[in-house]
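K.L.:
Okay, so here is entry-v8.csv, and as you'll see once you scroll down, it has CSV, C-alpha atoms.
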chain,number,residue,atom,x,y,z
G,1,MET,CA,130.7,90.3,-65.0
G,2,PHE,CA,131.7,93.8,-64.0
G,3,ARG,CA,134.1,93.9,-66.8
G,4,MET,CA,131.3,93.0,-69.2
G,5,GLN,CA,129.1,95.6,-67.8
G,6,LYS,CA,131.7,98.2,-68.3
G,7,THR,CA,132.3,97.1,-71.8
G,8,VAL,CA,128.6,97.2,-72.8
G,9,THR,CA,128.1,100.5,-71.1
G,10,ALA,CA,131.1,102.0,-73.0
G,11,LEU,CA,129.9,100.5,-76.2
G,12,PHE,CA,126.4,102.1,-75.8
G,13,LYS,CA,128.0,105.4,-74.8
G,14,HIS,CA,130.7,105.8,-77.4
G,15,GLU,CA,129.2,103.6,-80.1
G,16,ARG,CA,132.8,102.6,-81.2
G,17,LEU,CA,135.3,100.9,-78.9
G,18,GLU,CA,138.8,99.3,-79.1
G,19,VAL,CA,139.0,96.4,-76.8
G,20,THR,CA,140.9,93.1,-76.6
G,21,ARG,CA,139.6,90.4,-78.9
G,22,ASN,CA,138.0,88.2,-76.4
G,23,THR,CA,136.4,91.0,-74.5
G,24,ALA,CA,134.8,92.3,-77.7
G,25,ASP,CA,133.6,88.9,-78.7
G,26,GLU,CA,132.0,88.3,-75.3
G,27,ALA,CA,130.5,91.7,-74.9
G,28,ARG,CA,128.9,91.5,-78.3
G,29,GLY,CA,126.5,88.8,-77.2
G,30,TYR,CA,125.4,90.7,-74.1
G,31,ALA,CA,124.9,94.0,-75.9
G,32,GLU,CA,122.9,92.4,-78.7
G,33,ARG,CA,120.7,90.4,-76.3
G,34,LEU,CA,120.0,93.6,-74.4
G,35,ILE,CA,118.9,95.4,-77.5
G,36,SER,CA,116.8,92.4,-78.6
G,37,GLU,CA,115.0,92.4,-75.3
G,38,ALA,CA,114.4,96.1,-75.5
G,39,ILE,CA,113.0,95.8,-79.0
G,40,ARG,CA,110.8,92.9,-78.1
G,41,TYR,CA,109.3,94.1,-74.8
G,42,GLY,CA,109.8,97.9,-74.8
G,43,ASP,CA,110.4,100.1,-71.8
G,44,LYS,CA,107.2,99.4,-69.9
G,45,HIS,CA,108.4,95.8,-69.1
G,46,ASN,CA,109.8,95.4,-65.6
G,47,ALA,CA,112.2,92.6,-66.4
G,48,THR,CA,113.7,94.4,-69.4
G,49,MET,CA,114.1,97.6,-67.4
G,50,GLU,CA,115.9,95.7,-64.6
G,51,LEU,CA,118.1,94.1,-67.2
G,52,ALA,CA,119.0,97.6,-68.7
G,53,ASP,CA,119.5,98.9,-65.2
G,54,PHE,CA,122.0,96.0,-64.5
G,55,TRP,CA,124.0,96.3,-67.7
G,56,LEU,CA,124.1,100.0,-68.2
G,57,LEU,CA,126.1,101.6,-65.4
G,58,GLU,CA,125.4,105.1,-66.6
G,59,LYS,CA,121.7,105.7,-66.4
G,60,GLN,CA,121.4,108.2,-69.2
G,61,LEU,CA,122.2,105.3,-71.5
G,62,VAL,CA,118.9,103.6,-70.5
G,63,HIS,CA,117.2,106.4,-72.2
G,64,LYS,CA,119.4,106.0,-75.2
G,65,LEU,CA,118.7,102.3,-75.4
G,66,PHE,CA,114.9,102.7,-75.6
G,67,LYS,CA,114.7,106.1,-77.5
G,68,VAL,CA,117.6,105.9,-79.9
G,69,LEU,CA,118.8,102.3,-80.4
G,70,VAL,CA,115.5,100.5,-80.5
G,71,PRO,CA,114.1,102.6,-83.4
G,72,ARG,CA,117.5,102.3,-85.1
G,73,PHE,CA,117.6,98.5,-84.9
G,74,GLU,CA,113.9,97.6,-85.0
G,75,ASN,CA,113.9,96.4,-88.6
G,76,TYR,CA,117.4,95.0,-88.7
G,77,ASN,CA,117.8,91.4,-89.9
G,78,ILE,CA,121.5,91.4,-89.3
G,79,SER,CA,123.6,91.9,-86.1
G,80,TYR,CA,123.4,95.2,-84.3
G,81,THR,CA,127.2,95.2,-83.6
G,82,ARG,CA,130.3,94.9,-85.8
G,83,CYS,CA,133.5,93.4,-84.6
G,84,LEU,CA,136.7,93.8,-86.7
G,85,PRO,CA,140.2,92.7,-85.7
G,86,LEU,CA,142.9,95.3,-85.5
G,87,THR,CA,146.6,95.0,-86.2
G,88,PRO,CA,148.3,93.8,-83.0
G,89,THR,CA,151.0,96.2,-81.6
G,90,TYR,CA,153.9,93.9,-80.7
G,91,PRO,CA,155.1,92.9,-78.2
G,92,CYS,CA,151.8,91.5,-77.0
G,93,THR,CA,152.9,90.8,-73.5
G,94,LYS,CA,151.1,93.2,-71.2
G,95,THR,CA,147.3,93.3,-70.8
G,96,ASP,CA,147.1,96.6,-72.6
G,97,GLN,CA,148.9,95.3,-75.6
G,98,PHE,CA,147.0,92.1,-76.4
G,99,PRO,CA,145.6,92.1,-79.9
G,100,LYS,CA,142.6,94.3,-80.1
G,101,SER,CA,139.3,94.4,-81.9
G,102,LEU,CA,137.1,97.3,-83.0
G,103,LEU,CA,133.6,96.8,-81.5
G,104,GLU,CA,131.0,99.2,-82.7
G,105,LEU,CA,127.2,99.6,-83.1
G,106,ARG,CA,126.0,99.7,-86.7
G,107,GLY,CA,124.6,103.0,-87.8
G,108,ASN,CA,127.0,105.1,-85.7
G,109,PRO,CA,127.8,108.6,-87.0
G,110,TYR,CA,131.5,108.1,-87.2
G,111,PRO,CA,133.5,107.5,-90.4
G,112,PRO,CA,133.3,103.9,-91.7
G,113,VAL,CA,136.1,101.6,-90.9
G,114,MET,CA,135.6,99.0,-93.5
G,115,PRO,CA,136.6,100.3,-97.0
G,116,LYS,CA,134.0,99.7,-99.6
G,117,ASP,CA,135.0,97.3,-102.4
G,118,PRO,CA,136.8,99.3,-105.1
G,119,HIS,CA,136.4,96.5,-107.6
G,120,ASN,CA,132.6,96.4,-107.4
G,121,GLY,CA,131.7,96.1,-111.1
G,122,SER,CA,128.5,98.0,-110.7
G,123,LEU,CA,130.2,101.2,-109.8
G,124,LEU,CA,130.2,103.9,-112.5
G,125,HIS,CA,134.0,104.4,-112.7
G,126,ASN,CA,134.5,100.6,-112.9
G,127,ILE,CA,132.0,100.3,-115.7
G,128,LEU,CA,133.8,103.1,-117.6
G,129,LEU,CA,137.2,101.6,-117.0
G,130,GLU,CA,136.0,98.2,-118.2
G,131,GLU,CA,134.7,99.8,-121.4
G,132,ALA,CA,137.9,101.6,-121.9
G,133,ARG,CA,139.8,98.3,-121.5
G,134,LYS,CA,137.6,96.6,-124.1
G,135,GLU,CA,138.2,99.4,-126.6
G,136,MET,CA,141.9,99.1,-126.0
G,137,ARG,CA,141.8,95.4,-126.6
G,138,GLN,CA,139.8,95.8,-129.8
G,139,THR,CA,142.4,98.2,-131.3
G,140,GLN,CA,145.2,95.8,-130.4
G,141,TYR,CA,143.3,92.9,-132.1
G,142,LEU,CA,142.9,95.0,-135.2
G,143,GLU,CA,146.6,95.8,-135.3
G,144,THR,CA,147.7,92.2,-134.9
G,145,ALA,CA,145.1,91.1,-137.5
G,146,LYS,CA,146.5,93.5,-140.0
G,147,SER,CA,150.1,92.4,-139.5
G,148,ILE,CA,149.4,88.7,-139.8
G,149,GLY,CA,150.6,88.2,-143.4
G,150,LYS,CA,153.3,90.8,-143.2
G,151,GLU,CA,155.6,89.3,-140.5
G,152,ASP,CA,159.4,89.8,-140.8
G,153,LYS,CA,160.6,86.2,-141.3
G,154,SER,CA,164.3,87.0,-141.4
G,155,ALA,CA,164.2,87.0,-137.6
G,156,TRP,CA,163.2,83.2,-137.6
G,157,VAL,CA,166.5,82.1,-139.3
G,158,VAL,CA,169.0,81.7,-136.5
G,159,ASN,CA,172.3,81.5,-138.5
G,160,GLU,CA,172.5,80.8,-142.2
G,161,LYS,CA,176.3,79.9,-142.1
G,162,ALA,CA,175.8,77.3,-139.4
G,163,GLU,CA,173.0,75.6,-141.4
G,164,ASP,CA,175.3,75.3,-144.5
G,165,SER,CA,178.2,73.9,-142.4
G,166,GLY,CA,175.9,71.4,-140.8
G,167,SER,CA,174.6,70.1,-144.1
G,168,SER,CA,178.1,69.8,-145.6
G,169,SER,CA,179.2,67.6,-142.6
G,170,GLU,CA,176.2,65.3,-143.1
G,171,ASP,CA,177.2,64.9,-146.8
G,172,GLU,CA,180.7,64.0,-145.8
G,173,ARG,CA,179.5,61.3,-143.5
G,174,LYS,CA,177.3,59.8,-146.2
G,175,LYS,CA,180.3,59.6,-148.5
G,176,ASP,CA,182.1,57.6,-145.7
E,1,MET,CA,140.6,7.2,-68.2
E,2,ALA,CA,141.6,4.0,-69.8
E,3,VAL,CA,139.9,5.0,-73.0
E,4,ARG,CA,141.8,8.3,-73.0
E,5,ASN,CA,145.1,6.5,-72.4
E,6,ALA,CA,144.4,4.1,-75.2
E,7,TRP,CA,143.4,6.9,-77.5
E,8,ASN,CA,146.6,8.8,-76.7
E,9,SER,CA,148.8,5.8,-77.3
E,10,LEU,CA,147.0,5.2,-80.6
E,11,LYS,CA,147.7,8.8,-81.6
E,12,HIS,CA,151.3,8.5,-80.6
E,13,CYS,CA,151.6,5.4,-82.7
E,14,PHE,CA,150.2,7.1,-85.8
E,15,ASN,CA,152.4,10.1,-85.3
E,16,SER,CA,155.6,8.2,-84.9
E,17,PHE,CA,154.7,6.0,-87.9
E,18,GLU,CA,154.1,9.2,-90.0
E,19,GLU,CA,157.3,10.8,-88.8
E,20,VAL,CA,159.4,7.7,-89.5
E,21,LEU,CA,158.0,7.5,-93.1
E,22,SER,CA,158.3,11.1,-93.9
E,23,VAL,CA,161.8,11.6,-92.5
E,24,SER,CA,163.1,8.4,-94.2
E,25,LEU,CA,161.6,9.6,-97.5
E,26,GLY,CA,163.2,13.0,-97.0
E,27,LEU,CA,159.9,14.9,-97.0
E,28,ARG,CA,160.7,16.8,-93.8
E,29,TYR,CA,162.9,17.0,-90.8
E,30,PRO,CA,161.9,15.5,-87.5
E,31,TYR,CA,160.1,17.9,-85.1
E,32,LYS,CA,162.2,19.4,-82.4
E,33,PRO,CA,161.1,17.9,-79.1
E,34,THR,CA,159.6,20.4,-76.7
E,35,TYR,CA,160.7,18.4,-73.8
E,36,GLN,CA,164.1,16.8,-73.7
E,37,ALA,CA,164.2,13.1,-73.0
E,38,VAL,CA,164.7,12.3,-69.3
E,39,LEU,CA,167.6,10.0,-69.2
E,40,LEU,CA,167.2,7.1,-66.8
E,41,GLY,CA,170.4,6.2,-65.2
E,42,GLU,CA,171.2,3.3,-62.8
E,43,ASN,CA,168.5,2.5,-60.4
E,44,ASN,CA,166.0,4.2,-62.7
E,45,GLN,CA,166.9,7.7,-61.4
E,46,GLN,CA,166.9,10.8,-63.4
E,47,THR,CA,170.5,11.7,-64.2
E,48,THR,CA,169.6,15.1,-65.7
E,49,ALA,CA,166.8,17.3,-64.6
E,50,LEU,CA,165.8,19.5,-67.5
E,51,ALA,CA,163.4,22.4,-67.5
E,52,PRO,CA,160.9,22.7,-70.4
E,53,GLN,CA,162.5,24.6,-73.2
E,54,ASN,CA,160.4,27.7,-73.6
E,55,SER,CA,160.8,31.1,-75.4
E,56,ASP,CA,159.3,32.7,-72.2
E,57,PRO,CA,161.4,31.3,-69.4
E,58,PHE,CA,160.3,33.8,-66.7
E,59,GLY,CA,156.7,34.0,-67.9
E,60,LEU,CA,156.8,37.8,-68.3
E,61,GLY,CA,156.1,38.0,-72.0
E,62,ASP,CA,157.8,41.2,-73.3
E,63,GLY,CA,157.7,42.8,-70.0
E,64,PHE,CA,161.4,42.0,-69.5
E,65,LEU,CA,162.1,44.2,-72.5
E,66,TRP,CA,160.2,47.4,-71.6
E,67,ALA,CA,161.5,50.8,-72.7
E,68,VAL,CA,164.0,49.3,-75.1
E,69,PRO,CA,164.4,49.8,-78.8
E,70,LYS,CA,162.5,47.1,-80.7
E,71,HIS,CA,164.0,47.8,-84.2
E,72,ARG,CA,167.1,49.2,-85.6
E,73,ARG,CA,167.0,52.9,-86.5
E,74,THR,CA,167.7,53.3,-90.2
E,75,ILE,CA,170.6,55.5,-91.4
E,76,GLU,CA,168.1,58.0,-92.9
E,77,LYS,CA,166.5,58.5,-89.5
E,78,ARG,CA,169.8,58.9,-87.8
E,79,MET,CA,171.0,61.4,-90.4
E,80,ARG,CA,167.9,63.5,-90.0
E,81,ARG,CA,168.4,63.7,-86.2
E,82,LYS,CA,172.1,64.3,-86.6
E,83,PHE,CA,172.2,67.4,-88.7
E,84,GLY,CA,169.5,69.5,-87.1
E,85,ALA,CA,166.9,69.2,-89.9
E,86,ALA,CA,164.1,69.9,-87.4
E,87,ASN,CA,165.6,73.3,-86.7
E,88,LEU,CA,165.8,74.3,-90.3
E,89,LEU,CA,162.1,74.8,-90.8
E,90,ARG,CA,161.5,76.7,-87.5
E,91,ILE,CA,161.7,79.9,-89.5
E,92,ARG,CA,158.5,79.8,-91.5
E,93,PRO,CA,157.4,82.3,-94.1
E,94,ARG,CA,154.5,84.7,-93.4
E,95,ASN,CA,152.0,83.8,-96.1
E,96,ASP,CA,149.2,85.8,-94.5
E,97,LEU,CA,150.3,89.3,-95.5
E,98,THR,CA,148.8,91.3,-98.3
E,99,VAL,CA,148.8,94.8,-99.7
E,100,CYS,CA,146.0,97.3,-98.9
E,101,THR,CA,144.3,98.3,-102.2
E,102,ARG,CA,143.7,101.8,-100.9
E,103,CYS,CA,147.0,102.9,-99.4
E,104,GLY,CA,149.5,100.3,-100.5
E,105,HIS,CA,150.7,99.5,-97.0
E,106,HIS,CA,151.0,95.9,-95.9
E,107,HIS,CA,148.7,94.2,-93.4
E,108,GLU,CA,147.6,90.7,-92.3
E,109,ILE,CA,144.8,89.1,-94.3
E,110,GLY,CA,141.5,89.5,-92.5
E,111,ILE,CA,142.7,92.4,-90.4
E,112,LEU,CA,142.2,96.1,-91.0
E,113,CYS,CA,145.0,98.0,-92.6
E,114,ASP,CA,146.8,99.9,-89.9
E,115,HIS,CA,147.6,102.9,-92.0
E,116,CYS,CA,144.0,103.4,-93.2
E,117,TYR,CA,142.6,102.7,-89.7
E,118,LYS,CA,144.8,105.3,-88.0
E,119,LYS,CA,143.3,108.0,-90.1
E,120,VAL,CA,139.8,106.9,-89.1
E,121,GLN,CA,140.8,106.4,-85.5
E,122,GLU,CA,142.0,110.0,-85.1
E,123,GLU,CA,138.9,111.5,-86.7
E,124,THR,CA,136.7,109.2,-84.5
E,125,LYS,CA,138.4,110.2,-81.3
E,126,LEU,CA,138.0,113.9,-82.0
E,127,ALA,CA,134.4,113.5,-82.8
E,128,GLN,CA,133.7,111.2,-79.8
E,129,ASP,CA,135.2,113.7,-77.4
E,130,LEU,CA,133.2,116.5,-78.8
E,131,VAL,CA,130.0,114.5,-78.6
E,132,GLN,CA,130.6,113.5,-75.0
E,133,GLU,CA,131.4,117.1,-74.1
E,134,LYS,CA,128.2,118.3,-75.5
E,135,LEU,CA,126.0,115.5,-74.2
E,136,GLY,CA,127.5,115.4,-70.7
E,137,LEU,CA,125.2,113.4,-68.4
E,138,SER,CA,122.0,114.5,-69.9
E,139,ALA,CA,119.5,111.8,-71.1
E,140,VAL,CA,120.3,110.8,-74.7
E,141,ASP,CA,117.1,110.6,-76.7
E,142,LYS,CA,118.2,111.6,-80.2
E,143,GLU,CA,120.5,110.3,-82.9
E,144,VAL,CA,123.8,112.2,-83.1
E,145,ILE,CA,124.9,114.0,-86.3
E,146,LEU,CA,128.3,115.4,-87.0
E,147,LEU,CA,128.4,118.8,-88.8
E,148,TYR,CA,131.7,119.9,-90.1
E,149,GLU,CA,132.8,123.4,-91.0
E,150,ASN,CA,130.8,125.3,-93.6
E,151,GLU,CA,128.1,122.7,-93.9
E,152,ALA,CA,124.4,123.2,-93.9
E,153,ALA,CA,122.3,121.4,-91.4
E,154,PRO,CA,120.4,118.5,-92.9
E,155,GLN,CA,116.6,118.5,-93.4
E,156,ASP,CA,115.6,116.6,-90.3
E,157,ALA,CA,117.9,118.4,-87.9
E,158,GLN,CA,115.1,118.9,-85.3
E,159,ASN,CA,115.0,115.2,-84.6
E,160,LYS,CA,118.8,114.9,-84.4
E,161,PHE,CA,121.4,116.1,-81.9
E,162,VAL,CA,123.8,118.1,-83.9
E,163,VAL,CA,127.4,118.3,-82.9
E,164,GLU,CA,129.6,120.8,-84.7
E,165,VAL,CA,133.1,119.8,-85.5
E,166,PRO,CA,135.4,122.9,-86.0
E,167,LYS,CA,137.3,121.6,-89.0
E,168,PRO,CA,136.6,121.0,-92.7
E,169,ARG,CA,135.1,117.6,-93.6
E,170,PRO,CA,137.8,115.1,-94.7
E,171,GLN,CA,137.5,114.0,-98.4
E,172,TRP,CA,137.2,110.4,-97.5
E,173,PHE,CA,134.4,110.8,-95.0
E,174,SER,CA,131.3,111.2,-97.1
E,175,ARG,CA,128.2,112.6,-95.7
E,176,ASN,CA,126.0,110.2,-97.5
E,177,LEU,CA,126.7,106.9,-95.7
E,178,LEU,CA,123.4,105.1,-95.6
E,179,GLN,CA,121.4,106.0,-98.6
E,180,ARG,CA,121.1,103.3,-101.3
E,181,THR,CA,121.9,104.3,-104.8
E,182,THR,CA,118.7,102.7,-106.0
E,183,GLU,CA,115.3,102.1,-104.4
E,184,VAL,CA,115.2,98.6,-106.0
E,185,GLU,CA,117.2,95.6,-105.0
E,186,THR,CA,118.6,93.9,-108.2
E,187,PRO,CA,120.3,95.4,-111.2
E,188,LYS,CA,117.7,93.8,-113.5
E,189,ALA,CA,114.9,95.4,-111.6
E,190,VAL,CA,116.7,98.7,-111.8
E,191,ALA,CA,117.0,98.4,-115.6
E,192,GLU,CA,113.3,97.7,-115.9
E,193,THR,CA,112.2,100.7,-113.8
E,194,ASN,CA,114.5,103.2,-115.5
E,195,GLN,CA,114.5,105.3,-112.4
E,196,VAL,CA,117.0,107.9,-111.3
E,197,VAL,CA,117.8,108.4,-107.6
E,198,LYS,CA,119.6,111.6,-106.7
E,199,PRO,CA,121.9,111.1,-103.7
E,200,ALA,CA,121.2,113.5,-100.9
E,201,ASP,CA,123.5,115.4,-98.6
E,202,MET,CA,126.5,115.2,-100.9
E,203,GLY,CA,127.6,118.7,-100.0
Once more with this new file: its structure as structure tokens, please.
P.N.:
Amino acid sequence: MFRMQKTVTALFKHERLEVTRNTADEARGYAERLISEAIRYGDKHNATMELADFWLLEKQLVHKLFKVLVPRFENYNISYTRCLPLTPTYPCTKTDQFPKSLLELRGNPYPPVMPKDPHNGSLLHNILLEEARKEMRQTQYLETAKSIGKEDKSAWVVNEKAEDSGSSSEDERKKD
Amino acid sequence: MAVRNAWNSLKHCFNSFEEVLSVSLGLRYPYKPTYQAVLLGENNQQTTALAPQNSDPFGLGDGFLWAVPKHRRTIEKRMRRKFGAANLLRIRPRNDLTVCTRCGHHHEIGILCDHCYKKVQEETKLAQDLVQEKLGLSAVDKEVILLYENEAAPQDAQNKFVVEVPKPRPQWFSRNLLQRTTEVETPKAVAETNQVVKPADMG
């Protein structure tokens, strides 16, 4: 439990954390529950205050919970935390080097980790690119349409000499 | 008792009659006797004592044949075991790797690209250290905002805890992280309202 307390405290303090996968997964639940309780009951509630006192080992973070995080997460209808797996650094044999996860609170001021979808069709540059592609296709269709009756048929004949020899051999067989 | 004996002898009669007829007509072979006949020798004594011929002489069922192969192993199975086929497929291909669309480096599917993340990690560490230095142990009661070199403070700077970062803002870290591009939810609704939202804090 002390390990979880430390993780939750660190998460509230730094708002972004790199911990082992299982630790992150476990701490998420406790952190979100604490925030939910704070949102529901506020800071005048004894039980909630005791809970915050237990989980947050650094007491300045109790202020942060009620004054910063509650207003931030009040109207959220999704989770308050985000947990994303990181590339494991092999060999994963020592405790330090077990595969890690990034655990962070949503709405933190640091640069976003998840890249935004570059293929989102609603983005302006994608709309413009799509139109450019359509134009390109149109010009190609026109070119192919123009050249339909004007194909170079000499390329279709494989070998005129071979055809003649073949037909002559057939005639010989018929004679026999 | 007597009735039973009579009934049994009657049955025996019928069976023997049926056997004699069938065997003589060549319809079937005689049944193999389960008990061998006890030969009476002189003085009506048994000359040979015979045990009942049974497929299970010790009464153990298959117990006598525990841990023993029941069927012959086919040649195909033997060959498979012989030439190490089980070891050939130990080396399996990694089908869970893909290319990051942003940087082109490889990474596991479902896991953050390491090359892209390292960039973000560096920047985050720097910012986090600065924030902690400035905050210290004082009670935190405001949202933190990062202000890079040559940037104007945002409109609601009074309600925020501003931390100055002494370097120019990286290109990939936009100031405008949370503002929606439209006030309305669906593209259809956007088309109907014809509104234009100017993104704030783009620097």
K.L.:
Could you write out as an mmCIF file with C-alpha atoms, keeping the file's coordinate frame the residues of chain E within 9 Å of chain G, counting all atoms listed in the file?
P.N.:
data_model
loop_
_atom_site.group_PDB
_atom_site.id
_atom_site.type_symbol
_atom_site.label_atom_id
_atom_site.label_comp_id
_atom_site.auth_asym_id
_atom_site.auth_seq_id
_atom_site.Cartn_x
_atom_site.Cartn_y
_atom_site.Cartn_z
ATOM 1 C CA THR E 101 144.300 98.300 -102.200
ATOM 2 C CA ARG E 102 143.700 101.800 -100.900
ATOM 3 C CA HIS E 107 148.700 94.200 -93.400
ATOM 4 C CA GLU E 108 147.600 90.700 -92.300
ATOM 5 C CA GLY E 110 141.500 89.500 -92.500
ATOM 6 C CA ILE E 111 142.700 92.400 -90.400
ATOM 7 C CA LEU E 112 142.200 96.100 -91.000
ATOM 8 C CA CYS E 113 145.000 98.000 -92.600
ATOM 9 C CA ASP E 114 146.800 99.900 -89.900
ATOM 10 C CA CYS E 116 144.000 103.400 -93.200
ATOM 11 C CA TYR E 117 142.600 102.700 -89.700
ATOM 12 C CA VAL E 120 139.800 106.900 -89.100
ATOM 13 C CA GLN E 121 140.800 106.400 -85.500
ATOM 14 C CA GLU E 123 138.900 111.500 -86.700
ATOM 15 C CA THR E 124 136.700 109.200 -84.500
ATOM 16 C CA ALA E 127 134.400 113.500 -82.800
ATOM 17 C CA GLN E 128 133.700 111.200 -79.800
ATOM 18 C CA VAL E 131 130.000 114.500 -78.600
ATOM 19 C CA GLN E 132 130.600 113.500 -75.000
ATOM 20 C CA LEU E 137 125.200 113.400 -68.400
ATOM 21 C CA SER E 138 122.000 114.500 -69.900
ATOM 22 C CA ALA E 139 119.500 111.800 -71.100
ATOM 23 C CA VAL E 140 120.300 110.800 -74.700
ATOM 24 C CA ASP E 141 117.100 110.600 -76.700
ATOM 25 C CA LYS E 142 118.200 111.600 -80.200
ATOM 26 C CA GLU E 143 120.500 110.300 -82.900
ATOM 27 C CA VAL E 144 123.800 112.200 -83.100
ATOM 28 C CA ILE E 145 124.900 114.000 -86.300
ATOM 29 C CA LEU E 146 128.300 115.400 -87.000
ATOM 30 C CA TRP E 172 137.200 110.400 -97.500
ATOM 31 C CA PHE E 173 134.400 110.800 -95.000
ATOM 32 C CA SER E 174 131.300 111.200 -97.100
ATOM 33 C CA LEU E 177 126.700 106.900 -95.700
ATOM 34 C CA LEU E 178 123.400 105.100 -95.600
ATOM 35 C CA PRO E 187 120.300 95.400 -111.200
#
K.L.:
At what distance in Å, to one decimal, does CA of Asn120 (chain G) lie from CA of Ala132 (chain G)?
P.N.:
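It comes out at 16.3 Å.
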K.L.:
To one decimal place, how far is CA of Thr23 (chain G) from CA of Ser79 (chain G) in Å?
P.N.:
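Answer for the CA of Thr23 (chain G) to CA of Ser79 (chain G) separation: 17.3 Å.
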K.L.:
Hey, can you check how far CA of Thr9 (chain G) sits from CA of Trp55 (chain G)?
P.N.:
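Computing the Euclidean distance for CA of Thr9 (chain G) and CA of Trp55 (chain G) yields 6.8 Å.
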K.L.:
Can you tell me which residues surround Thr20 (chain G) at a distance of at most 9 Å, considering all atoms listed in the file, apart from same-chain residues fewer than 3 positions away, and format the answer as a list of chain:residue names?
P.N.:
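Listing them by chain and then by number gives G:Thr23, G:Ala24, G:Asp25, G:Thr95, G:Asp96, G:Gln97, G:Phe98, G:Pro99, G:Lys100, G:Ser101, G:Leu102.
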K.L.:
Excluding region 29-46 of chain G and residues on its chain fewer than 6 positions from it, collect all residues at most 7 Å away from it, counting only C-alpha atoms, and give them as a ChimeraX atom specification.
P.N.:
/G:8,66,70,74,80
K.L.:
Since the input is missing atoms for region 113-126 of chain G, could you rebuild it with N, CA and C atoms and give the result as a PDB file, keeping the file's coordinate frame?
P.N.:
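Contents of rebuild-v5.pdb, freshly written:
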ATOM      1  N   VAL G 113     134.838 102.243 -91.038  1.00  0.00           N
ATOM      2  CA  VAL G 113     136.100 101.600 -90.900  1.00  0.00           C
ATOM      3  C   VAL G 113     136.421 100.659 -92.060  1.00  0.00           C
ATOM      4  N   MET G 114     135.391  99.928 -92.445  1.00  0.00           N
ATOM      5  CA  MET G 114     135.600  99.000 -93.500  1.00  0.00           C
ATOM      6  C   MET G 114     135.537  99.730 -94.859  1.00  0.00           C
ATOM      7  N   PRO G 115     136.614  99.609 -95.649  1.00  0.00           N
ATOM      8  CA  PRO G 115     136.600 100.300 -97.000  1.00  0.00           C
ATOM      9  C   PRO G 115     135.609  99.577 -97.885  1.00  0.00           C
ATOM     10  N   LYS G 116     134.960 100.356 -98.697  1.00  0.00           N
ATOM     11  CA  LYS G 116     134.000  99.700 -99.600  1.00  0.00           C
ATOM     12  C   LYS G 116     134.828  99.114-100.772  1.00  0.00           C
ATOM     13  N   ASP G 117     134.280  98.059-101.329  1.00  0.00           N
ATOM     14  CA  ASP G 117     135.000  97.300-102.400  1.00  0.00           C
ATOM     15  C   ASP G 117     135.234  98.162-103.586  1.00  0.00           C
ATOM     16  N   PRO G 118     136.507  98.501-103.895  1.00  0.00           N
ATOM     17  CA  PRO G 118     136.800  99.300-105.100  1.00  0.00           C
ATOM     18  C   PRO G 118     136.575  98.604-106.386  1.00  0.00           C
ATOM     19  N   HIS G 119     136.558  97.263-106.327  1.00  0.00           N
ATOM     20  CA  HIS G 119     136.400  96.500-107.600  1.00  0.00           C
ATOM     21  C   HIS G 119     135.000  96.075-107.858  1.00  0.00           C
ATOM     22  N   ASN G 120     134.037  96.719-107.171  1.00  0.00           N
ATOM     23  CA  ASN G 120     132.600  96.400-107.400  1.00  0.00           C
ATOM     24  C   ASN G 120     132.305  96.833-108.866  1.00  0.00           C
ATOM     25  N   GLY G 121     131.949  95.860-109.688  1.00  0.00           N
ATOM     26  CA  GLY G 121     131.700  96.100-111.100  1.00  0.00           C
ATOM     27  C   GLY G 121     130.528  96.990-111.412  1.00  0.00           C
ATOM     28  N   SER G 122     129.650  97.165-110.418  1.00  0.00           N
ATOM     29  CA  SER G 122     128.500  98.000-110.700  1.00  0.00           C
ATOM     30  C   SER G 122     128.753  99.487-110.499  1.00  0.00           C
ATOM     31  N   LEU G 123     129.895  99.823-109.942  1.00  0.00           N
ATOM     32  CA  LEU G 123     130.200 101.200-109.800  1.00  0.00           C
ATOM     33  C   LEU G 123     130.509 101.891-111.085  1.00  0.00           C
ATOM     34  N   LEU G 124     130.143 103.160-111.188  1.00  0.00           N
ATOM     35  CA  LEU G 124     130.200 103.900-112.500  1.00  0.00           C
ATOM     36  C   LEU G 124     131.651 103.901-113.012  1.00  0.00           C
ATOM     37  N   HIS G 125     132.595 104.252-112.170  1.00  0.00           N
ATOM     38  CA  HIS G 125     134.000 104.400-112.700  1.00  0.00           C
ATOM     39  C   HIS G 125     134.527 103.060-113.123  1.00  0.00           C
ATOM     40  N   ASN G 126     134.094 101.969-112.482  1.00  0.00           N
ATOM     41  CA  ASN G 126     134.500 100.600-112.900  1.00  0.00           C
ATOM     42  C   ASN G 126     133.935 100.232-114.241  1.00  0.00           C
TER      43      ASN G 126
END
